[in-house]
$ cat protein36.cif   # mmCIF, C-alpha atoms and all ligand atoms
data_data
loop_
_atom_site.label_atom_id
_atom_site.label_comp_id
_atom_site.auth_asym_id
_atom_site.auth_seq_id
_atom_site.Cartn_x
_atom_site.Cartn_y
_atom_site.Cartn_z
CA MET A 1 15.16 -16.68 -66.04
CA PRO A 2 17.46 -13.74 -65.15
CA THR A 3 16.14 -11.86 -62.11
CA LEU A 4 15.63 -8.13 -62.26
CA GLU A 5 18.15 -6.15 -60.20
CA ASN A 6 15.43 -3.73 -59.18
CA PRO A 7 11.96 -5.03 -60.05
CA TYR A 8 10.39 -1.63 -59.35
CA LEU A 9 12.64 0.33 -61.71
CA LEU A 10 10.57 2.34 -64.13
CA LYS A 11 11.56 2.15 -67.80
CA ALA A 12 10.54 4.38 -70.66
CA GLY A 13 10.41 4.02 -74.42
CA ARG A 14 9.25 6.18 -77.32
CA VAL A 15 6.17 4.93 -79.12
CA GLU A 16 7.39 4.43 -82.71
CA LYS A 17 4.27 2.94 -84.27
CA VAL A 18 0.64 2.47 -83.31
CA ILE A 19 -1.65 0.02 -85.11
CA LYS A 20 -5.40 -0.01 -84.56
CA GLU A 21 -6.23 -3.73 -84.52
CA CYS A 22 -9.96 -3.32 -83.99
CA GLU A 23 -12.34 -1.17 -81.93
CA GLY A 24 -10.65 -0.46 -78.59
CA VAL A 25 -7.53 -2.56 -79.27
CA TYR A 26 -4.22 -0.97 -80.22
CA THR A 27 -0.75 -2.39 -80.80
CA PHE A 28 2.23 -0.30 -79.76
CA HIS A 29 5.78 -0.65 -81.06
CA VAL A 30 7.98 0.94 -78.42
CA ARG A 31 11.69 1.65 -78.68
CA THR A 32 13.77 -0.27 -76.12
CA GLN A 33 16.74 -2.57 -75.85
CA GLU A 34 15.62 -4.23 -72.64
CA PRO A 35 15.89 -8.03 -72.95
CA ALA A 36 12.83 -10.25 -72.47
CA TYR A 37 11.53 -13.71 -73.36
CA PRO A 38 8.39 -14.90 -75.15
CA GLY A 39 5.70 -15.42 -72.53
CA GLN A 40 6.76 -12.61 -70.20
CA TYR A 41 4.78 -9.48 -69.42
CA ASN A 42 5.38 -5.89 -68.34
CA MET A 43 3.46 -3.75 -65.88
CA LEU A 44 2.47 -0.75 -68.01
CA TYR A 45 2.13 2.56 -66.21
CA ALA A 46 -0.44 5.31 -66.46
CA PHE A 47 0.78 8.07 -64.15
CA GLY A 48 -1.74 9.03 -61.50
CA VAL A 49 -4.04 6.24 -62.67
CA GLY A 50 -2.37 2.90 -62.02
CA GLU A 51 -0.66 0.04 -63.80
CA ALA A 52 -1.71 -3.09 -65.66
CA PRO A 53 0.03 -6.35 -66.63
CA ILE A 54 0.33 -6.61 -70.42
CA THR A 55 1.99 -9.49 -72.22
CA ILE A 56 4.96 -8.85 -74.51
CA ALA A 57 3.35 -9.66 -77.86
CA SER A 58 6.61 -9.56 -79.82
CA MET A 59 10.05 -8.06 -79.89
CA GLY A 60 12.07 -6.58 -82.73
CA GLU A 61 15.73 -5.58 -82.71
CA GLU A 62 15.12 -2.35 -80.89
CA CYS A 63 11.48 -2.42 -80.05
CA ILE A 64 8.96 -4.16 -77.89
CA VAL A 65 5.37 -4.82 -78.96
CA HIS A 66 2.32 -4.59 -76.70
CA THR A 67 -1.32 -5.03 -77.69
CA VAL A 68 -3.77 -3.37 -75.33
CA ARG A 69 -7.55 -3.67 -75.11
CA ALA A 70 -9.17 -0.71 -73.36
CA VAL A 71 -11.33 -2.16 -70.58
CA GLY A 72 -10.67 0.16 -67.63
CA ASP A 73 -8.80 3.24 -66.44
CA VAL A 74 -5.22 2.15 -67.12
CA THR A 75 -5.78 0.43 -70.44
CA ARG A 76 -7.99 3.30 -71.71
CA HIS A 77 -5.21 5.72 -70.86
CA ILE A 78 -2.56 3.63 -72.62
CA ASP A 79 -4.70 3.22 -75.73
CA GLN A 80 -4.61 6.99 -76.18
CA LEU A 81 -0.84 7.03 -76.68
CA ARG A 82 0.31 7.90 -80.18
CA GLU A 83 3.60 8.03 -82.15
CA GLY A 84 6.15 10.20 -80.33
CA ASP A 85 4.57 9.73 -76.89
CA TYR A 86 6.42 7.78 -74.21
CA LEU A 87 5.28 4.51 -72.67
CA TYR A 88 6.42 3.70 -69.12
CA TRP A 89 6.64 0.26 -67.58
CA ARG A 90 8.38 -1.98 -65.08
CA GLY A 91 9.42 -5.52 -65.91
CA PRO A 92 9.74 -7.88 -67.63
CA TYR A 93 8.12 -10.34 -65.24
CA GLY A 94 7.10 -13.96 -65.30
CA ASN A 95 8.37 -17.11 -66.95
CA ARG A 96 8.63 -18.09 -70.60
CA TRP A 97 7.20 -20.75 -72.91
CA ALA A 98 9.14 -24.03 -72.74
CA ILE A 99 9.82 -24.09 -76.47
CA GLU A 100 12.70 -26.57 -76.16
CA ARG A 101 10.20 -29.27 -75.23
CA ALA A 102 8.75 -29.01 -78.74
CA TYR A 103 12.03 -29.56 -80.60
CA ASN A 104 11.65 -32.41 -83.15
CA LYS A 105 7.99 -32.80 -82.20
CA THR A 106 4.64 -31.29 -83.18
CA LEU A 107 3.93 -27.95 -81.50
CA LEU A 108 0.27 -26.98 -81.36
CA ILE A 109 -0.58 -23.42 -80.34
CA ILE A 110 -4.19 -22.63 -79.41
CA SER A 111 -5.10 -18.96 -79.06
CA GLY A 112 -8.47 -17.50 -78.12
CA GLY A 113 -9.27 -13.82 -78.61
CA LEU A 114 -6.69 -11.51 -77.08
CA GLY A 115 -4.79 -14.65 -76.02
CA LEU A 116 -3.13 -14.37 -79.44
CA ALA A 117 -1.04 -11.52 -78.00
CA ALA A 118 0.46 -13.99 -75.50
CA THR A 119 1.26 -16.66 -78.11
CA ARG A 120 2.33 -14.45 -81.02
CA TRP A 121 5.97 -14.07 -80.03
CA VAL A 122 6.57 -17.75 -79.24
CA PHE A 123 4.84 -18.65 -82.51
CA GLU A 124 7.16 -16.29 -84.41
CA GLU A 125 10.12 -17.82 -82.57
CA ALA A 126 8.93 -21.37 -83.33
CA LEU A 127 8.99 -20.61 -87.08
CA ASN A 128 12.81 -20.62 -86.83
CA LYS A 129 13.26 -23.54 -84.44
CA PRO A 130 13.66 -27.28 -85.15
CA ILE A 131 9.96 -28.04 -84.75
CA LYS A 132 8.76 -31.07 -86.76
CA ARG A 133 5.26 -29.70 -87.36
CA LEU A 134 3.87 -26.34 -86.26
CA VAL A 135 0.11 -25.83 -86.06
CA HIS A 136 -1.61 -22.71 -84.76
CA LEU A 137 -5.37 -22.50 -84.14
CA TYR A 138 -6.80 -19.05 -83.51
CA GLY A 139 -10.40 -18.43 -82.53
CA SER A 140 -11.99 -14.99 -82.56
CA LYS A 141 -15.52 -14.13 -81.51
CA ASP A 142 -16.24 -12.22 -84.73
CA TYR A 143 -14.68 -10.72 -87.84
CA ASP A 144 -14.26 -7.26 -86.34
CA SER A 145 -12.26 -8.59 -83.36
CA LEU A 146 -9.52 -10.27 -85.41
CA LEU A 147 -6.00 -9.26 -84.36
CA TYR A 148 -2.85 -8.97 -86.49
CA ARG A 149 -4.60 -9.40 -89.87
CA TYR A 150 -1.46 -8.07 -91.59
CA LEU A 151 0.54 -11.13 -90.40
CA TYR A 152 -1.78 -13.95 -91.52
CA GLU A 153 -0.55 -14.21 -95.11
CA ASN A 154 3.04 -14.69 -94.02
CA TRP A 155 2.13 -17.13 -91.25
CA SER A 156 -0.17 -19.25 -93.44
CA SER A 157 2.48 -19.44 -96.17
CA LYS A 158 4.90 -21.05 -93.70
CA VAL A 159 2.90 -23.32 -91.39
CA GLU A 160 -0.58 -24.60 -90.59
CA PHE A 161 -2.29 -21.47 -89.31
CA TYR A 162 -6.08 -21.82 -89.05
CA ILE A 163 -8.62 -19.22 -87.95
CA THR A 164 -12.20 -19.75 -86.92
CA LEU A 165 -14.86 -17.19 -86.03
CA ASP A 166 -17.60 -17.87 -83.49
CA ARG A 167 -20.07 -15.88 -85.60
CA PRO A 168 -20.49 -15.89 -89.40
CA ASP A 169 -19.86 -12.70 -91.34
CA PRO A 170 -20.42 -11.92 -95.03
CA ARG A 171 -16.83 -10.63 -95.22
CA TRP A 172 -15.40 -13.92 -93.88
CA LYS A 173 -14.84 -16.87 -96.24
CA GLY A 174 -13.02 -19.08 -93.73
CA LYS A 175 -14.13 -21.42 -90.94
CA VAL A 176 -17.01 -20.59 -88.59
CA GLY A 177 -17.53 -22.35 -85.26
CA LEU A 178 -15.85 -22.74 -81.92
CA ILE A 179 -12.11 -23.39 -81.77
CA THR A 180 -12.90 -26.73 -80.12
CA GLU A 181 -14.48 -27.90 -83.40
CA LEU A 182 -11.28 -27.04 -85.25
CA LEU A 183 -9.27 -28.89 -82.62
CA LYS A 184 -11.45 -32.02 -82.86
CA GLU A 185 -10.72 -32.26 -86.61
CA LEU A 186 -6.95 -32.19 -86.11
CA GLU A 187 -4.82 -35.36 -86.29
CA LEU A 188 -2.09 -35.11 -83.66
CA ASP A 189 0.77 -37.29 -82.39
CA GLU A 190 0.45 -38.28 -78.74
CA ASP A 191 3.73 -36.56 -77.91
CA THR A 192 2.51 -33.20 -79.27
CA ILE A 193 3.42 -30.19 -77.10
CA VAL A 194 0.64 -27.65 -76.65
CA PHE A 195 0.82 -23.94 -75.77
CA THR A 196 -2.47 -22.19 -75.13
CA CYS A 197 -3.82 -18.84 -74.02
CA GLY A 198 -7.41 -17.70 -74.02
CA PRO A 199 -10.50 -17.49 -71.83
CA ASP A 200 -10.50 -20.11 -69.04
CA PRO A 201 -13.52 -22.05 -70.43
CA MET A 202 -11.77 -22.34 -73.81
CA VAL A 203 -8.61 -23.69 -72.19
CA LYS A 204 -10.56 -26.24 -70.13
CA ALA A 205 -12.57 -27.43 -73.15
CA CYS A 206 -9.44 -27.75 -75.30
CA VAL A 207 -7.63 -29.72 -72.60
CA ARG A 208 -10.50 -32.21 -72.48
CA ILE A 209 -10.26 -32.77 -76.25
CA LEU A 210 -6.48 -33.05 -76.12
CA GLN A 211 -6.80 -35.73 -73.47
CA GLU A 212 -9.23 -37.64 -75.69
CA LYS A 213 -6.53 -37.49 -78.34
CA GLY A 214 -4.09 -39.08 -75.90
CA ILE A 215 -1.96 -36.00 -75.21
CA PRO A 216 -0.82 -36.03 -71.58
CA GLN A 217 -1.44 -33.03 -69.34
CA ASN A 218 2.25 -32.54 -68.73
CA ASN A 219 2.64 -31.74 -72.45
CA ILE A 220 0.17 -28.86 -72.17
CA TYR A 221 1.15 -25.33 -71.10
CA ALA A 222 -1.38 -22.57 -70.44
CA SER A 223 -0.72 -18.87 -69.95
CA LEU A 224 -3.15 -17.65 -67.28
CA GLU A 225 -4.66 -14.25 -66.68
CA ARG A 226 -5.46 -13.25 -63.11
CA HIS A 227 -5.88 -9.93 -61.31
CA MET A 228 -2.46 -8.60 -60.37
CA LYS A 229 -1.27 -5.73 -58.24
CA CYS A 230 2.38 -6.09 -57.25
CA SER A 231 3.62 -8.62 -59.85
CA VAL A 232 6.44 -9.68 -57.52
CA GLY A 233 4.73 -12.21 -55.26
CA THR A 234 3.90 -10.07 -52.23
CA CYS A 235 0.24 -8.94 -52.44
CA GLY A 236 -1.38 -12.34 -53.08
CA HIS A 237 -3.95 -10.98 -55.58
CA CYS A 238 -2.98 -13.36 -58.35
CA MET A 239 -2.84 -16.67 -56.50
CA ILE A 240 -4.13 -19.93 -57.93
CA GLY A 241 -3.77 -22.65 -55.29
CA PRO A 242 -0.21 -22.40 -53.98
CA TYR A 243 1.07 -20.57 -57.06
CA PHE A 244 1.59 -16.89 -57.79
CA VAL A 245 0.56 -16.28 -61.38
CA CYS A 246 2.73 -13.14 -61.38
CA LYS A 247 6.02 -14.84 -60.58
CA ASP A 248 5.56 -18.63 -60.86
CA GLY A 249 3.61 -18.05 -64.11
CA PRO A 250 1.90 -16.70 -66.08
CA ILE A 251 2.66 -19.96 -67.93
CA PHE A 252 1.91 -23.22 -66.13
CA ARG A 253 2.24 -26.85 -67.07
CA TYR A 254 -1.34 -28.02 -66.94
CA ASP A 255 -0.89 -31.05 -64.68
CA LEU A 256 0.50 -28.75 -61.96
CA ILE A 257 -2.46 -26.36 -61.89
CA ARG A 258 -5.34 -28.54 -62.98
CA GLU A 259 -6.81 -29.17 -59.52
CA TYR A 260 -6.95 -25.42 -58.79
CA PHE A 261 -7.78 -24.22 -62.32
CA GLU A 262 -10.73 -26.58 -62.70
CA ARG A 263 -12.14 -25.89 -59.23
CA LYS A 264 -15.08 -23.47 -59.52
CA GLU A 265 -14.34 -21.24 -56.52
CA VAL A 266 -10.61 -20.67 -57.25
C1 LIG A 301 -0.14 -11.84 -67.32
C2 LIG A 301 -1.21 -10.98 -67.92
C3 LIG A 301 -1.06 -10.55 -69.22
C4 LIG A 301 -2.03 -9.74 -69.81
N1 LIG A 301 -1.84 -9.32 -71.10
C5 LIG A 301 -2.71 -8.47 -71.66
C6 LIG A 301 -2.49 -7.97 -72.98
O1 LIG A 301 -1.52 -8.32 -73.66
N2 LIG A 301 -3.38 -7.08 -73.47
C7 LIG A 301 -4.47 -6.67 -72.74
O2 LIG A 301 -5.23 -5.82 -73.25
N3 LIG A 301 -4.73 -7.15 -71.51
C8 LIG A 301 -3.86 -8.02 -70.95
N4 LIG A 301 -4.10 -8.48 -69.67
C9 LIG A 301 -5.31 -8.03 -68.95
C10 LIG A 301 -5.06 -6.62 -68.40
O3 LIG A 301 -4.02 -6.66 -67.45
C11 LIG A 301 -6.32 -6.07 -67.73
O4 LIG A 301 -7.32 -5.89 -68.71
C12 LIG A 301 -5.97 -4.71 -67.11
O5 LIG A 301 -5.26 -4.95 -65.92
C13 LIG A 301 -7.16 -3.88 -66.83
O6 LIG A 301 -6.70 -2.73 -66.16
P1 LIG A 301 -7.55 -1.37 -66.16
O7 LIG A 301 -7.07 -0.51 -65.07
O8 LIG A 301 -7.56 -0.79 -67.54
O9 LIG A 301 -8.98 -1.87 -65.87
P2 LIG A 301 -9.66 -2.12 -64.45
O10 LIG A 301 -10.38 -0.87 -64.11
O11 LIG A 301 -8.70 -2.71 -63.48
O12 LIG A 301 -10.67 -3.26 -64.86
C14 LIG A 301 -11.62 -3.14 -65.90
C15 LIG A 301 -12.41 -4.43 -65.96
O13 LIG A 301 -11.55 -5.54 -66.30
C16 LIG A 301 -11.56 -6.50 -65.24
N5 LIG A 301 -10.19 -6.99 -65.12
C17 LIG A 301 -9.10 -6.31 -64.77
N6 LIG A 301 -8.01 -7.09 -64.79
C18 LIG A 301 -8.44 -8.31 -65.16
C19 LIG A 301 -7.81 -9.56 -65.35
N7 LIG A 301 -6.50 -9.73 -65.18
N8 LIG A 301 -8.57 -10.61 -65.70
C20 LIG A 301 -9.90 -10.47 -65.88
N9 LIG A 301 -10.55 -9.32 -65.73
C21 LIG A 301 -9.84 -8.25 -65.37
C22 LIG A 301 -12.05 -5.78 -64.03
O14 LIG A 301 -12.67 -6.66 -63.11
C23 LIG A 301 -13.04 -4.80 -64.64
O15 LIG A 301 -14.26 -5.42 -64.91
C24 LIG A 301 -3.17 -9.34 -69.07
C25 LIG A 301 -3.32 -9.77 -67.75
C26 LIG A 301 -2.36 -10.59 -67.18
C27 LIG A 301 -2.52 -11.04 -65.77
S1 LIG A 302 0.33 -9.80 -58.18
FE1 LIG A 302 0.88 -9.58 -56.10
S2 LIG A 302 1.39 -11.60 -55.52
FE2 LIG A 302 1.03 -11.76 -57.64
#
$ encode --input "protein36.cif" --output "structure tokens" --more "lines below"
Ligand SMILES: Cc1cc2nc3c(=O)[nH]c(=O)nc-3n(C[C@H](O)[C@H](O)[C@H](O)COP(=O)(O)OP(=O)(O)OC[C@H]3O[C@@H](n4cnc5c(N)ncnc54)[C@H](O)[C@@H]3O)c2cc1C
Ligand code: FES
Amino acid sequence: MPTLENPYLLKAGRVEKVIKECEGVYTFHVRTQEPAYPGQYNMLYAFGVGEAPITIASMGEECIVHTVRAVGDVTRHIDQLREGDYLYWRGPYGNRWAIERAYNKTLLIISGGLGLAATRWVFEEALNKPIKRLVHLYGSKDYDSLLYRYLYENWSSKVEFYITLDRPDPRWKGKVGLITELLKELELDEDTIVFTCGPDPMVKACVRILQEKGIPQNNIYASLERHMKCSVGTCGHCMIGPYFVCKDGPIFRYDLIREYFERKEV
């Protein structure tokens, strides 16, 4: 991963497009030519308020895509930006998905809720890579929380893209139930590579099922979300065991973090 010459340098880009995904969640297409890799994140700035780590959901030729759920001061401020405003950030930070490991194998992507923002770009990249079989499971708590509805038709026409909702809805004709149920039904080779991002309990439950299917932990990669302040490995806010999620992660091979991730008090 190339290191940033000045990790604190503030960057700016014009907001070209804003998409309302669902209540309190907006996707921003921001003009920039800054390079980045799938899996990395930026620290988005709200002047006088603070900053927040936000994954890079996708990247076009001259734009970067961020999806932001308003949960606190910074994210509420960012979600008010509209076309023509400027977004400020520092980054990109963190590592990337190890997509090469999935070449000529099955790649299974498991996304829960807003975790889809962290897997979207690598999924889009995987569509054009020599992957033998590409399967993406996406679980959302309800119909109104679904992200990126405008992309499903294209994705489902190309690969196995399955959605399940935790709660039934008269507008939803697809699967209902936890993502773990969808995973249990899936036939997978034992050398399948897995990328996952979602709430910690979802990740843990999915790993247990994957193990029952004979998939080793060192084939599983999880993108973790932890509180972050500095994002450069100095403040210690983001630590999980000996690792800094901000700079050693956010993506970890599961066998390396399991003992810390599955411990209750960590
Ligand atoms: C690597 C990484 C990537 C992320 N990507 C995205 C993304 O693409 N889109 C997105 O909307 N959010 C993402 N997040 C989460 C986002 O950073 C937090 O929601 C944000 O920092 C909240 O900042 P705030 O000032 O708006 O809220 P605050 O006022 O800081 O917090 C509001 C509430 O959220 C809780 N909270 C804050 N940060 C976290 C966290 N990291 N984990 C759990 N709870 C938290 C607080 O305890 C509080 O209850 C990501 C986090 C990480 C670490
Ligand atoms: S956020 Fe400060 S050490 Fe990771």
$ residues_around --input "protein36.cif" --residues "Arg133 of chain A" --least-positions-apart "5" --cutoff "9 Å" --atoms "all atoms listed in the file" --output "ChimeraX atom specification"
/A:104-108,159-160
$ residues_near_ligand --input "protein36.cif" --ligand "ligand LIG 301 (chain A)" --cutoff "7 Å" --atoms "all atoms listed in the file" --output "PyMOL selection string"
chain A and resi 41+50-57+66-76+114+117-118+224-228+246+250
$ atom_distance --input "protein36.cif" --atom1 "atom CA of Val176 of chain A" --atom2 "atom CA of Thr164 of chain A"
5.2 Å
$ residues_near_point --input "protein36.cif" --point "(-5.5, -14.7, -78.1)" --cutoff "12 Å" --atoms "all atoms listed in the file" --output "PyMOL selection string"
chain A and resi 55+57+67-69+109-121+123+136-141+145-148+163+179+195-200+202-203+222-225
$ residues_near_point --input "protein36.cif" --point "(6.0, -14.5, -86.2)" --cutoff "9 Å" --atoms "all atoms listed in the file" --output "list in words"
Ser58, Arg120, Trp121, Val122, Phe123, Glu124, Glu125, Ala126, Leu127, Leu151, Asn154 and Trp155 of chain A
$ write_last_selection --input "protein36.cif" --atoms "C-alpha atoms" --output "CSV table (one decimal), in the coordinates of the input"
chain,number,residue,atom,x,y,z
A,58,SER,CA,6.6,-9.6,-79.8
A,120,ARG,CA,2.3,-14.4,-81.0
A,121,TRP,CA,6.0,-14.1,-80.0
A,122,VAL,CA,6.6,-17.8,-79.2
A,123,PHE,CA,4.8,-18.6,-82.5
A,124,GLU,CA,7.2,-16.3,-84.4
A,125,GLU,CA,10.1,-17.8,-82.6
A,126,ALA,CA,8.9,-21.4,-83.3
A,127,LEU,CA,9.0,-20.6,-87.1
A,151,LEU,CA,0.5,-11.1,-90.4
A,154,ASN,CA,3.0,-14.7,-94.0
A,155,TRP,CA,2.1,-17.1,-91.2
$ atom_distance --input "protein36.cif" --atom1 "atom CA of Tyr88 of chain A" --atom2 "atom CA of Ala46 of chain A"
7.5 Å
$ residues_near_ligand --input "protein36.cif" --ligand "ligand LIG 302 (chain A)" --cutoff "7 Å" --atoms "only C-alpha atoms and all ligand atoms" --output "list in words"
His227, Met228, Lys229, Cys230, Ser231, Val232, Gly233, Thr234, Cys235, Gly236, His237, Cys238, Met239, Phe244, Val245, Cys246 and Lys247 of chain A
$ write_last_selection --input "protein36.cif" --atoms "C-alpha atoms" --output "PDB file, in the frame of the given file"
ATOM      1  CA  HIS A 227      -5.880  -9.930 -61.310  1.00  0.00           C
ATOM      2  CA  MET A 228      -2.460  -8.600 -60.370  1.00  0.00           C
ATOM      3  CA  LYS A 229      -1.270  -5.730 -58.240  1.00  0.00           C
ATOM      4  CA  CYS A 230       2.380  -6.090 -57.250  1.00  0.00           C
ATOM      5  CA  SER A 231       3.620  -8.620 -59.850  1.00  0.00           C
ATOM      6  CA  VAL A 232       6.440  -9.680 -57.520  1.00  0.00           C
ATOM      7  CA  GLY A 233       4.730 -12.210 -55.260  1.00  0.00           C
ATOM      8  CA  THR A 234       3.900 -10.070 -52.230  1.00  0.00           C
ATOM      9  CA  CYS A 235       0.240  -8.940 -52.440  1.00  0.00           C
ATOM     10  CA  GLY A 236      -1.380 -12.340 -53.080  1.00  0.00           C
ATOM     11  CA  HIS A 237      -3.950 -10.980 -55.580  1.00  0.00           C
ATOM     12  CA  CYS A 238      -2.980 -13.360 -58.350  1.00  0.00           C
ATOM     13  CA  MET A 239      -2.840 -16.670 -56.500  1.00  0.00           C
ATOM     14  CA  PHE A 244       1.590 -16.890 -57.790  1.00  0.00           C
ATOM     15  CA  VAL A 245       0.560 -16.280 -61.380  1.00  0.00           C
ATOM     16  CA  CYS A 246       2.730 -13.140 -61.380  1.00  0.00           C
ATOM     17  CA  LYS A 247       6.020 -14.840 -60.580  1.00  0.00           C
TER      18      LYS A 247
END
$ atom_distance --input "protein36.cif" --atom1 "atom CA of Val194 of chain A" --atom2 "atom CA of Asp255 of chain A"
12.5 Å
$ closest_residue --input "protein36.cif" --among "A:Ile19, A:Tyr221, A:Tyr243, A:Lys204" --to "Glu262 of chain A" --atoms "all atoms listed in the file"
A:Lys204
$ closest_residue --input "protein36.cif" --among "A:Glu21, A:Ile209, A:Gly94, A:Leu188" --to "Tyr150 of chain A" --atoms "all atoms listed in the file"
A:Glu21
$ closest_residue --input "protein36.cif" --among "A:Arg258, A:Lys175, A:Lys213, A:Lys158" --to "Asp142 of chain A" --atoms "all atoms listed in the file"
A:Lys175
$ residues_around --input "protein36.cif" --residues "Arg208 of chain A" --least-positions-apart "6" --cutoff "12 Å" --atoms "all atoms listed in the file" --output "ChimeraX atom specification"
/A:180,183-184,201-202,214-217,220,254,258,262
$ axis_aligned_box --input "protein36.cif" --around "segment 105-119 of chain A" --padding-each-side "5 Å" --output "JSON"
{"center_x": -0.6, "center_y": -22.2, "center_z": -79.3, "size_x": 27.3, "size_y": 31.3, "size_z": 17.7}
$ closest_residue --input "protein36.cif" --among "A:Thr27, A:Gln211, A:Asn218, A:Ser157" --to "Ile193 of chain A" --atoms "all atoms listed in the file"
A:Asn218
$ closest_residue --input "protein36.cif" --among "A:Glu5, A:Glu83, A:Glu23, A:Glu16" --to "Asp144 of chain A" --atoms "all atoms listed in the file"
A:Glu23
